[in-house]
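S.K.: Just so it is clear, I am handing over input36.txt, which has compact mmCIF, C-alpha atoms and all ligand atoms.
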# COMPACT_ATOMS: atom_id res chain seq x y z
CA MET M 10 97.92 46.65 145.02
CA ASP M 11 95.04 44.67 146.49
CA ILE M 12 93.41 47.25 148.75
CA THR M 13 91.24 44.58 150.43
CA GLN M 14 94.20 42.58 151.71
CA LYS M 15 95.17 42.82 155.39
CA LEU M 16 98.67 44.24 155.74
CA SER M 17 101.13 43.99 158.61
CA LEU M 18 102.26 47.43 157.37
CA LEU M 19 98.90 48.71 158.65
CA GLY M 20 98.71 46.53 161.77
CA GLY M 21 96.42 43.97 160.11
CA LEU M 22 94.06 46.53 158.57
CA THR M 23 93.41 46.54 154.84
CA PRO M 24 94.32 49.75 152.98
CA GLU M 25 90.56 50.31 152.54
CA GLN M 26 89.97 50.08 156.30
CA PHE M 27 92.98 52.22 157.13
CA MET M 28 91.90 54.99 154.77
CA ARG M 29 88.36 54.91 156.09
CA ARG M 30 89.17 54.76 159.80
CA HIS M 31 92.48 56.54 160.24
CA TRP M 32 93.61 58.60 157.23
CA HIS M 33 93.23 62.29 158.11
CA LYS M 34 91.24 61.25 161.20
CA LYS M 35 93.13 59.49 164.01
CA PRO M 36 96.59 58.16 164.83
CA LEU M 37 97.58 54.50 164.60
CA LEU M 38 100.47 52.76 166.31
CA ILE M 39 101.66 49.69 164.43
CA ARG M 40 104.12 47.32 166.11
CA GLN M 41 106.43 45.54 163.65
CA ALA M 42 104.88 47.17 160.59
CA VAL M 43 107.96 46.69 158.44
CA ALA M 44 110.53 43.89 158.42
CA LEU M 45 113.73 45.84 157.92
CA ALA M 46 115.93 43.20 156.29
CA GLN M 47 118.60 45.61 155.05
CA PRO M 48 119.20 49.13 156.38
CA LEU M 49 117.54 51.88 154.33
CA VAL M 50 120.71 53.90 154.52
CA SER M 51 123.67 53.74 156.89
CA ARG M 52 124.59 56.58 159.23
CA SER M 53 127.67 57.47 157.19
CA GLU M 54 125.70 57.38 153.92
CA LEU M 55 123.10 59.66 155.47
CA PHE M 56 125.79 62.11 156.64
CA GLU M 57 127.29 61.99 153.14
CA MET M 58 123.90 62.83 151.64
CA ALA M 59 123.48 65.71 154.10
CA ALA M 60 126.76 67.15 152.78
CA SER M 61 125.57 67.14 149.17
CA GLU M 62 124.37 70.23 147.27
CA ASP M 63 121.64 68.16 145.60
CA VAL M 64 119.98 67.09 148.83
CA GLU M 65 117.83 69.09 151.23
CA SER M 66 119.04 68.66 154.81
CA ARG M 67 118.81 70.30 158.24
CA LEU M 68 120.82 70.11 161.44
CA ILE M 69 118.99 70.78 164.70
CA VAL M 70 120.93 71.12 167.94
CA GLN M 71 119.56 71.58 171.44
CA GLU M 72 121.76 74.10 173.17
CA GLY M 73 122.81 73.67 176.80
CA ASN M 74 120.63 76.64 177.85
CA GLY M 75 117.47 74.94 176.57
CA GLY M 76 117.56 76.85 173.26
CA TRP M 77 117.55 75.39 169.76
CA SER M 78 119.70 76.03 166.71
CA LEU M 79 118.88 75.23 163.10
CA LYS M 80 121.29 75.03 160.18
CA ARG M 81 120.27 74.23 156.64
CA GLY M 82 122.38 72.03 154.33
CA PRO M 83 124.62 71.32 152.62
CA LEU M 84 126.18 70.12 155.88
CA PRO M 85 129.80 68.99 155.52
CA ARG M 86 130.73 66.24 158.01
CA ARG M 87 132.86 68.69 159.99
CA SER M 88 129.80 70.92 160.57
CA LEU M 89 128.06 68.06 162.44
CA PRO M 90 128.73 67.61 166.18
CA PRO M 91 130.40 64.39 167.34
CA THR M 92 127.94 61.48 167.41
CA THR M 93 128.67 61.07 171.13
CA GLN M 94 127.34 64.58 171.85
CA PRO M 95 123.73 64.24 173.01
CA GLY M 96 120.77 66.28 171.80
CA TRP M 97 121.24 66.80 168.08
CA THR M 98 119.66 65.48 164.91
CA VAL M 99 120.23 65.69 161.19
CA LEU M 100 117.26 65.35 158.82
CA VAL M 101 117.61 64.46 155.15
CA GLN M 102 114.69 64.90 152.70
CA GLY M 103 114.03 62.85 149.57
CA VAL M 104 116.12 59.79 150.47
CA ASP M 105 113.84 57.81 148.11
CA LEU M 106 115.27 59.77 145.18
CA HIS M 107 118.77 58.55 145.99
CA ARG M 108 118.46 55.05 147.47
CA ASP M 109 116.58 52.12 145.93
CA ALA M 110 115.82 50.60 149.35
CA ALA M 111 114.10 53.85 150.41
CA HIS M 112 112.26 54.11 147.09
CA ASP M 113 111.07 50.49 147.45
CA LEU M 114 109.80 51.15 150.96
CA LEU M 115 107.81 54.15 149.73
CA GLN M 116 106.10 51.91 147.13
CA GLN M 117 104.35 50.05 149.97
CA PHE M 118 102.33 53.22 150.61
CA ARG M 119 100.88 53.44 147.11
CA PHE M 120 97.37 52.79 148.40
CA VAL M 121 97.49 56.61 148.60
CA PRO M 122 97.55 58.35 145.18
CA ASP M 123 101.04 59.28 143.94
CA ALA M 124 99.83 62.86 143.58
CA ARG M 125 99.62 63.00 147.40
CA VAL M 126 102.95 61.34 148.20
CA ASP M 127 105.81 63.68 148.97
CA ASP M 128 108.97 61.86 149.95
CA LEU M 129 110.81 59.70 152.42
CA MET M 130 112.82 61.69 154.93
CA VAL M 131 115.36 60.03 157.19
CA SER M 132 116.62 61.53 160.42
CA TRP M 133 119.51 60.41 162.58
CA ALA M 134 119.61 61.59 166.19
CA SER M 135 122.11 61.26 168.98
CA ASP M 136 120.82 60.34 172.44
CA GLY M 137 118.09 62.76 173.50
CA GLY M 138 117.90 64.32 170.02
CA GLY M 139 114.72 65.42 168.28
CA VAL M 140 113.03 68.41 166.72
CA GLY M 141 110.92 69.37 169.73
CA PRO M 142 107.14 69.27 170.21
CA HIS M 143 105.44 70.46 167.03
CA PHE M 144 102.72 69.70 164.53
CA ASP M 145 102.89 69.11 160.80
CA SER M 146 100.33 70.20 158.23
CA TYR M 147 100.45 66.87 156.40
CA ASP M 148 99.83 63.20 157.20
CA VAL M 149 102.94 61.25 158.14
CA PHE M 150 104.02 57.70 158.90
CA LEU M 151 106.96 57.67 161.33
CA LEU M 152 108.88 54.44 160.94
CA GLN M 153 111.55 53.53 163.47
CA VAL M 154 114.53 52.26 161.51
CA GLN M 155 117.27 51.89 164.11
CA GLY M 156 117.46 52.34 167.87
CA ARG M 157 114.58 53.55 170.01
CA ARG M 158 112.54 56.73 170.08
CA ARG M 159 110.00 57.84 172.66
CA TRP M 160 107.00 59.51 171.00
CA ARG M 161 104.53 61.61 172.91
CA ILE M 162 101.46 62.65 170.96
CA GLY M 163 98.28 64.59 171.58
CA ARG M 164 95.49 66.54 169.94
CA LEU M 165 96.54 70.08 169.05
CA GLU M 166 94.72 72.15 171.67
CA ASP M 167 96.82 75.28 171.28
CA PRO M 168 98.77 75.92 168.06
CA GLN M 169 100.79 78.80 169.54
CA LEU M 170 104.50 78.47 168.85
CA GLN M 171 107.41 79.46 171.06
CA PRO M 172 108.62 82.94 170.05
CA ASP M 173 112.21 83.63 168.92
CA VAL M 174 113.05 80.00 168.15
CA PRO M 175 114.34 79.12 164.66
CA LEU M 176 112.03 76.08 164.47
CA LYS M 177 108.32 75.64 164.99
CA ILE M 178 108.06 74.47 168.59
CA LEU M 179 104.74 74.39 170.45
CA GLN M 180 104.49 76.67 173.42
CA ASN M 181 101.99 74.47 175.29
CA PHE M 182 102.31 70.84 174.32
CA ILE M 183 100.11 68.41 176.22
CA ALA M 184 100.75 64.72 175.52
CA GLU M 185 97.82 62.31 175.70
CA GLU M 186 99.72 59.15 174.82
CA GLU M 187 103.29 57.95 174.91
CA PHE M 188 105.00 55.07 173.08
CA VAL M 189 108.55 53.84 172.68
CA LEU M 190 109.14 52.68 169.12
CA GLU M 191 111.61 49.90 168.32
CA PRO M 192 113.01 49.13 164.85
CA GLY M 193 110.15 48.15 162.51
CA ASP M 194 107.46 49.90 164.60
CA MET M 195 105.53 52.72 162.95
CA LEU M 196 103.24 55.55 164.04
CA TYR M 197 100.72 57.19 161.70
CA LEU M 198 99.70 60.76 162.50
CA PRO M 199 97.02 62.79 160.73
CA PRO M 200 97.71 66.45 159.89
CA ARG M 201 97.94 68.80 162.87
CA TRP M 202 98.51 66.23 165.60
CA ALA M 203 101.02 67.47 168.13
CA HIS M 204 104.02 65.17 168.56
CA ASP M 205 107.46 65.03 170.10
CA GLY M 206 109.96 62.25 169.40
CA VAL M 207 113.03 61.94 171.57
CA ALA M 208 115.86 59.53 170.73
CA GLU M 209 116.77 57.01 173.44
CA GLY M 210 120.34 56.36 172.41
CA GLU M 211 121.37 56.60 168.75
CA CYS M 212 118.24 56.58 166.62
CA MET M 213 117.19 56.60 163.00
CA THR M 214 113.62 57.39 161.95
CA ALA M 215 112.09 57.45 158.48
CA SER M 216 109.13 59.75 157.76
CA ILE M 217 106.85 58.84 154.89
CA GLY M 218 105.53 62.29 154.11
CA PHE M 219 102.60 63.45 152.04
CA ARG M 220 101.88 66.67 150.26
CA ALA M 221 98.69 68.58 149.71
CA PRO M 222 98.70 71.67 147.54
CA ALA M 223 97.30 74.85 149.03
CA ARG M 224 94.32 76.24 147.14
CA THR M 225 96.08 79.41 145.99
CA GLU M 226 99.25 77.52 145.03
CA LEU M 227 97.22 75.13 142.90
CA ALA M 228 95.33 78.00 141.26
CA ARG M 229 98.55 79.88 140.54
CA GLU M 230 100.39 76.87 139.10
CA ILE M 231 97.44 75.91 136.91
CA MET M 232 96.78 79.46 135.72
CA VAL M 233 100.41 79.99 134.72
CA ARG M 234 100.49 76.76 132.71
CA MET M 235 97.11 77.40 131.07
CA LEU M 236 98.17 80.89 130.04
CA GLU M 237 101.45 79.63 128.63
CA ALA M 238 99.52 77.09 126.55
CA VAL M 239 97.14 79.78 125.24
CA GLU M 240 100.01 82.17 124.45
CA ALA M 241 101.90 79.42 122.61
CA GLU M 242 98.92 79.20 120.24
CA GLY M 243 99.42 82.76 118.99
CA ASP M 244 98.69 86.40 119.70
CA SER M 245 96.06 87.10 122.28
CA PRO M 246 93.31 89.58 121.23
CA LEU M 247 93.78 93.11 122.55
CA TYR M 248 91.11 95.04 124.41
CA ARG M 249 89.20 97.31 121.99
CA ASP M 250 86.98 100.27 122.85
CA PRO M 251 85.54 101.85 119.69
CA ARG M 252 82.61 103.18 121.76
CA GLN M 253 84.72 104.82 124.49
CA PRO M 254 83.31 108.33 124.92
CA ALA M 255 85.48 111.30 125.88
CA THR M 256 85.98 111.29 129.65
CA GLU M 257 86.18 114.02 132.30
CA THR M 258 87.44 111.46 134.87
CA PRO M 259 90.58 109.97 133.25
CA GLY M 260 91.62 108.32 136.50
CA ALA M 261 88.56 106.05 136.51
CA ILE M 262 89.07 102.53 135.14
CA PRO M 263 86.61 101.92 132.28
CA GLU M 264 83.94 99.38 133.16
CA GLY M 265 84.57 97.63 129.87
CA LEU M 266 88.10 96.79 130.99
CA ALA M 267 86.87 95.08 134.13
CA ASP M 268 84.44 93.06 131.98
CA TYR M 269 87.26 92.19 129.61
CA ALA M 270 89.40 90.91 132.52
CA ARG M 271 86.52 88.84 133.88
CA ASP M 272 85.87 87.36 130.42
CA ALA M 273 89.55 86.49 130.05
CA LEU M 274 89.47 84.49 133.30
CA GLN M 275 86.16 82.82 132.51
CA ALA M 276 87.35 81.79 129.03
CA LEU M 277 90.36 80.17 130.68
CA LEU M 278 88.18 78.23 133.11
CA ARG M 279 85.84 77.03 130.35
CA ASP M 280 88.76 75.18 128.73
CA GLU M 281 88.39 71.95 130.70
CA ALA M 282 90.97 70.02 128.64
CA SER M 283 93.61 72.67 129.19
CA LEU M 284 92.86 72.71 132.93
CA GLN M 285 93.28 68.92 133.18
CA CYS M 286 96.54 69.16 131.25
CA ALA M 287 97.93 71.89 133.46
CA LEU M 288 96.95 69.98 136.63
CA GLY M 289 98.64 66.77 135.48
CA GLU M 290 101.77 68.57 134.35
CA TYR M 291 102.03 70.34 137.69
CA LEU M 292 101.43 67.23 139.81
CA SER M 293 103.89 65.10 137.85
CA GLU M 294 106.66 67.71 137.95
CA PRO M 295 109.82 66.19 139.49
CA LYS M 296 111.28 67.81 142.63
CA PRO M 297 113.48 70.86 141.95
CA GLN M 298 116.73 69.07 142.90
CA VAL M 299 116.03 66.15 140.55
CA TRP M 300 117.99 65.59 137.37
CA PHE M 301 118.15 62.49 135.19
CA GLU M 302 121.26 60.86 133.76
CA VAL M 303 120.86 60.62 130.00
CA GLY M 304 120.23 56.97 129.03
CA ASP M 305 122.38 54.98 126.63
CA ALA M 306 119.80 54.06 123.96
CA ALA M 307 119.38 50.60 125.49
CA ASP M 308 117.02 48.02 123.98
CA LEU M 309 113.66 48.31 125.74
CA SER M 310 111.88 45.41 124.01
CA GLY M 311 112.48 43.15 127.02
CA GLY M 312 110.38 45.43 129.26
CA VAL M 313 110.80 48.75 131.04
CA ARG M 314 110.75 50.15 134.55
CA LEU M 315 110.44 53.79 135.59
CA ASP M 316 113.45 55.54 137.09
CA ARG M 317 112.96 55.96 140.85
CA ARG M 318 112.89 59.76 140.39
CA SER M 319 110.18 59.66 137.70
CA ARG M 320 106.64 60.79 138.39
CA MET M 321 103.98 59.37 136.06
CA MET M 322 100.22 59.94 136.32
CA TYR M 323 97.19 59.99 134.07
CA ASP M 324 93.62 61.14 133.65
CA GLU M 325 90.91 60.10 131.20
CA ARG M 326 92.55 61.68 128.16
CA HIS M 327 96.20 62.19 129.04
CA VAL M 328 99.33 60.64 130.35
CA PHE M 329 101.62 62.89 132.39
CA PHE M 330 105.28 62.14 132.76
CA ASN M 331 107.73 64.32 134.65
CA GLY M 332 105.82 67.52 134.00
CA GLU M 333 104.93 66.81 130.37
CA SER M 334 101.53 65.82 129.00
CA TYR M 335 100.69 63.43 126.18
CA ARG M 336 97.28 62.69 124.67
CA ALA M 337 96.63 58.99 124.71
CA GLY M 338 93.76 56.77 123.64
CA GLY M 339 92.90 53.12 122.99
CA ARG M 340 95.37 50.37 123.79
CA ASP M 341 98.34 52.74 124.14
CA ALA M 342 96.50 54.66 126.86
CA LYS M 343 95.65 51.43 128.69
CA LEU M 344 99.27 50.29 128.65
CA MET M 345 100.59 53.71 129.68
CA ARG M 346 98.24 53.59 132.66
CA VAL M 347 99.61 50.18 133.58
CA LEU M 348 103.10 51.72 133.39
CA ALA M 349 102.07 54.59 135.67
CA ASP M 350 100.34 52.30 138.21
CA SER M 351 102.86 49.47 138.35
CA ARG M 352 105.92 51.51 137.29
CA CYS M 353 106.90 48.76 134.81
CA LEU M 354 105.84 46.98 131.62
CA ASP M 355 106.92 43.48 130.61
CA ALA M 356 108.13 42.47 127.14
CA ARG M 357 104.65 41.40 126.00
CA GLN M 358 103.11 44.72 127.05
CA VAL M 359 105.86 46.69 125.29
CA SER M 360 105.24 44.67 122.10
CA GLN M 361 101.53 45.61 122.23
CA LEU M 362 102.29 49.36 122.07
CA SER M 363 101.86 51.19 118.76
CA GLU M 364 104.99 52.17 116.88
CA GLY M 365 104.52 55.81 117.92
CA ALA M 366 104.21 54.86 121.59
CA ARG M 367 107.32 52.65 121.38
CA GLU M 368 109.23 55.58 119.90
CA LEU M 369 108.07 57.69 122.81
CA LEU M 370 109.28 54.98 125.20
CA GLU M 371 112.69 55.12 123.53
CA ARG M 372 112.81 58.89 123.88
CA TRP M 373 111.99 58.58 127.57
CA GLY M 374 114.71 55.93 127.82
CA ASP M 375 117.20 58.33 126.19
CA ASP M 376 116.18 60.99 128.71
CA GLY M 377 116.83 58.58 131.57
CA TRP M 378 113.17 58.66 132.70
CA LEU M 379 112.87 54.89 132.37
CA HIS M 380 115.23 51.95 131.95
CA PRO M 381 115.25 48.39 130.57
CA ALA M 382 113.51 46.14 133.10
C1 LIG M 401 112.27 63.30 163.16
O1 LIG M 401 112.47 62.35 162.41
O2 LIG M 401 113.03 63.56 164.11
C2 LIG M 401 111.13 64.25 162.99
C3 LIG M 401 109.95 63.67 162.40
C4 LIG M 401 108.71 64.47 162.78
O3 LIG M 401 108.47 64.72 163.92
O4 LIG M 401 107.94 64.86 161.88
CO CO M 402 106.64 66.05 162.72
What do you get writing this file as structure tokens?
Ligand code: SIN
Ligand code: CO
M.R.:
Amino acid sequence: MDITQKLSLLGGLTPEQFMRRHWHKKPLLIRQAVALAQPLVSRSELFEMAASEDVESRLIVQEGNGGWSLKRGPLPRRSLPPTTQPGWTVLVQGVDLHRDAAHDLLQQFRFVPDARVDDLMVSWASDGGGVGPHFDSYDVFLLQVQGRRRWRIGRLEDPQLQPDVPLKILQNFIAEEEFVLEPGDMLYLPPRWAHDGVAEGECMTASIGFRAPARTELAREIMVRMLEAVEAEGDSPLYRDPRQPATETPGAIPEGLADYARDALQALLRDEASLQCALGEYLSEPKPQVWFEVGDAADLSGGVRLDRRSRMMYDERHVFFNGESYRAGGRDAKLMRVLADSRCLDARQVSQLSEGARELLERWGDDGWLHPA
């Protein structure tokens, strides 16, 4: 992607300008950001997805007494209120994993690293429906797909939530700005901006969501993987204490043991290559509900494209593909990086791969991770 090119997706800003001026900093309203030629997903398809075991979905209903109810999927059609009943919404996560049109839309946002992209959620709401005033911890682009939605947004002055409500609803929401979004319009919000979107008639909204690992989560995931790699190499040395004197305080933990524990952690951290590997494997891990259909050993010499569910990344020494790491160097590494960045290789690029790398490509094809272009 040319990050210096002005995009209607970003209201005429270049990705460079958008990232510098708005990303993580301030909201942006973009009229007619996306030309929605074909619908991302129809209402009935969305309801069908909400009913599936493999899809994460939620139903939120505003009760007559001003209360809220939340039900998590799978949501069979009969568990949804009639579409003519006002004040309810169904939200479906990961629509990009199931629909090419949604996956293609998400590709337009690849001026942000893949490691930060979460998914494309689609919500359908009946008249007056919404999830209430709240804030999210992550950046989001809210794209109006069908119908109209009135958004009210404001800085988060008071993060207190309403007690005894099954969803996170702000107790004191103060709107600073208000917009009505029509199909194709989009609103970008940085993390922790308060917002409330209310459907005006039937309404479909797509959220391009991002993810950011929490520090402890990242540390835990990396540690676990690094330890597994070390343990796979063989037995780990046991603590030894030939100089341990007789003790009159058996309850006290020997100092040597604390040193040994500290050394164990420091040795782990010194292994930079293993850390990089663990990070890439973690970040490229597919979502828990994802499974791949085994490929049919198709001929890949005409070019390849990644499956829409595949996650592929790289660093200086490795290529990471769906949670696995591969060492790569030279021309193979260059081409694998092209594959990760553009999600495809043409016939000429495939022919330039070494025999070993082509075999790997075939294995990935057999696993359903990529397909003939
Ligand atoms: C929605 O689509 O109704 C909710 C999106 C959001 O507020 O984050
Ligand atoms: Co939100």
S.K.: Pick out the closest residue to Tyr147 of chain M from this set: M:Phe219, M:Gly82, M:Val43, M:Gly206. Count only C-alpha atoms.
M.R.: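 When distances to Tyr147 of chain M are compared using only C-alpha atoms, the smallest one comes from M:Phe219.
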S.K.: My list of candidates is M:Trp133, M:Tyr269, M:Phe120, M:Trp77. Which is closest to ligand LIG 401 (chain M) when distances are computed with all atoms listed in the file?
M.R.: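 With all atoms listed in the file as the atom set, the closest residue is M:Trp133.
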S.K.: Any chance you could tabulate, as JSON lines, the residues of chain M at most 7 Å from ligand LIG 401 (chain M) with each one's nearest atom pair and distance in Å to one decimal, using all atoms listed in the file, in chain and rising number order?
M.R.:
{"residue": "M:Thr98", "atom": "CA", "partner": "M:LIG401", "partner_atom": "O2", "distance": 6.9}
{"residue": "M:Leu100", "atom": "CA", "partner": "M:LIG401", "partner_atom": "O1", "distance": 6.7}
{"residue": "M:Val131", "atom": "CA", "partner": "M:LIG401", "partner_atom": "O1", "distance": 6.4}
{"residue": "M:Ser132", "atom": "CA", "partner": "M:LIG401", "partner_atom": "O1", "distance": 4.7}
{"residue": "M:Gly139", "atom": "CA", "partner": "M:LIG401", "partner_atom": "O2", "distance": 4.9}
{"residue": "M:Val140", "atom": "CA", "partner": "M:LIG401", "partner_atom": "O2", "distance": 5.5}
{"residue": "M:Asp145", "atom": "CA", "partner": "M:LIG401", "partner_atom": "O4", "distance": 6.7}
{"residue": "M:Leu151", "atom": "CA", "partner": "M:LIG401", "partner_atom": "C3", "distance": 6.8}
{"residue": "M:His204", "atom": "CA", "partner": "M:LIG401", "partner_atom": "O3", "distance": 6.4}
{"residue": "M:Asp205", "atom": "CA", "partner": "M:LIG401", "partner_atom": "O3", "distance": 6.3}
{"residue": "M:Gly206", "atom": "CA", "partner": "M:LIG401", "partner_atom": "O3", "distance": 6.2}
{"residue": "M:Thr214", "atom": "CA", "partner": "M:LIG401", "partner_atom": "O1", "distance": 5.1}
{"residue": "M:Ala215", "atom": "CA", "partner": "M:LIG401", "partner_atom": "O1", "distance": 6.3}
{"residue": "M:Ser216", "atom": "CA", "partner": "M:LIG401", "partner_atom": "C3", "distance": 6.1}
S.K.: Write the residues of the selection above to a file with C-alpha atoms, as a JSON list (two decimals), in the frame of the given file.
M.R.:
[["chain", "number", "residue", "atom", "x", "y", "z"],
["M", 98, "THR", "CA", 119.66, 65.48, 164.91],
["M", 100, "LEU", "CA", 117.26, 65.35, 158.82],
["M", 131, "VAL", "CA", 115.36, 60.03, 157.19],
["M", 132, "SER", "CA", 116.62, 61.53, 160.42],
["M", 139, "GLY", "CA", 114.72, 65.42, 168.28],
["M", 140, "VAL", "CA", 113.03, 68.41, 166.72],
["M", 145, "ASP", "CA", 102.89, 69.11, 160.80],
["M", 151, "LEU", "CA", 106.96, 57.67, 161.33],
["M", 204, "HIS", "CA", 104.02, 65.17, 168.56],
["M", 205, "ASP", "CA", 107.46, 65.03, 170.10],
["M", 206, "GLY", "CA", 109.96, 62.25, 169.40],
["M", 214, "THR", "CA", 113.62, 57.39, 161.95],
["M", 215, "ALA", "CA", 112.09, 57.45, 158.48],
["M", 216, "SER", "CA", 109.13, 59.75, 157.76]]
S.K.: For Ala208 of chain M, work out the shell of residues within 10 Å, counting all atoms listed in the file and skipping chain neighbours fewer than 4 positions away, then give it as a tab-separated table (two decimals) with C-alpha atoms, in the frame of the given file.
M.R.:
chain	number	residue	atom	x	y	z
M	95	PRO	CA	123.73	64.24	173.01
M	96	GLY	CA	120.77	66.28	171.80
M	97	TRP	CA	121.24	66.80	168.08
M	98	THR	CA	119.66	65.48	164.91
M	133	TRP	CA	119.51	60.41	162.58
M	134	ALA	CA	119.61	61.59	166.19
M	135	SER	CA	122.11	61.26	168.98
M	136	ASP	CA	120.82	60.34	172.44
M	137	GLY	CA	118.09	62.76	173.50
M	138	GLY	CA	117.90	64.32	170.02
M	139	GLY	CA	114.72	65.42	168.28
M	156	GLY	CA	117.46	52.34	167.87
M	157	ARG	CA	114.58	53.55	170.01
M	158	ARG	CA	112.54	56.73	170.08
M	159	ARG	CA	110.00	57.84	172.66
M	160	TRP	CA	107.00	59.51	171.00
M	189	VAL	CA	108.55	53.84	172.68
M	190	LEU	CA	109.14	52.68	169.12
M	212	CYS	CA	118.24	56.58	166.62
M	213	MET	CA	117.19	56.60	163.00
M	214	THR	CA	113.62	57.39	161.95
S.K.: Could you tell me which of M:Val174, M:Ala59, M:Cys353, M:Leu106 comes closest to Asp128 of chain M if we count all atoms listed in the file?
M.R.: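 Selected residue with least distance to Asp128 of chain M: M:Leu106.
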S.K.: Could you please determine the separation between atom CA of Glu191 of chain M and atom CA of Gln155 of chain M in Å, to one decimal place?
M.R.: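 We find that atom CA of Glu191 of chain M and atom CA of Gln155 of chain M lie 7.3 Å from each other.
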S.K.: Tell me which of M:His380, M:Arg161, M:Lys80, M:His327 sits closest to Asp305 of chain M, counting all atoms listed in the file.
M.R.: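 Of all the options, M:His380 lies closest to Asp305 of chain M.
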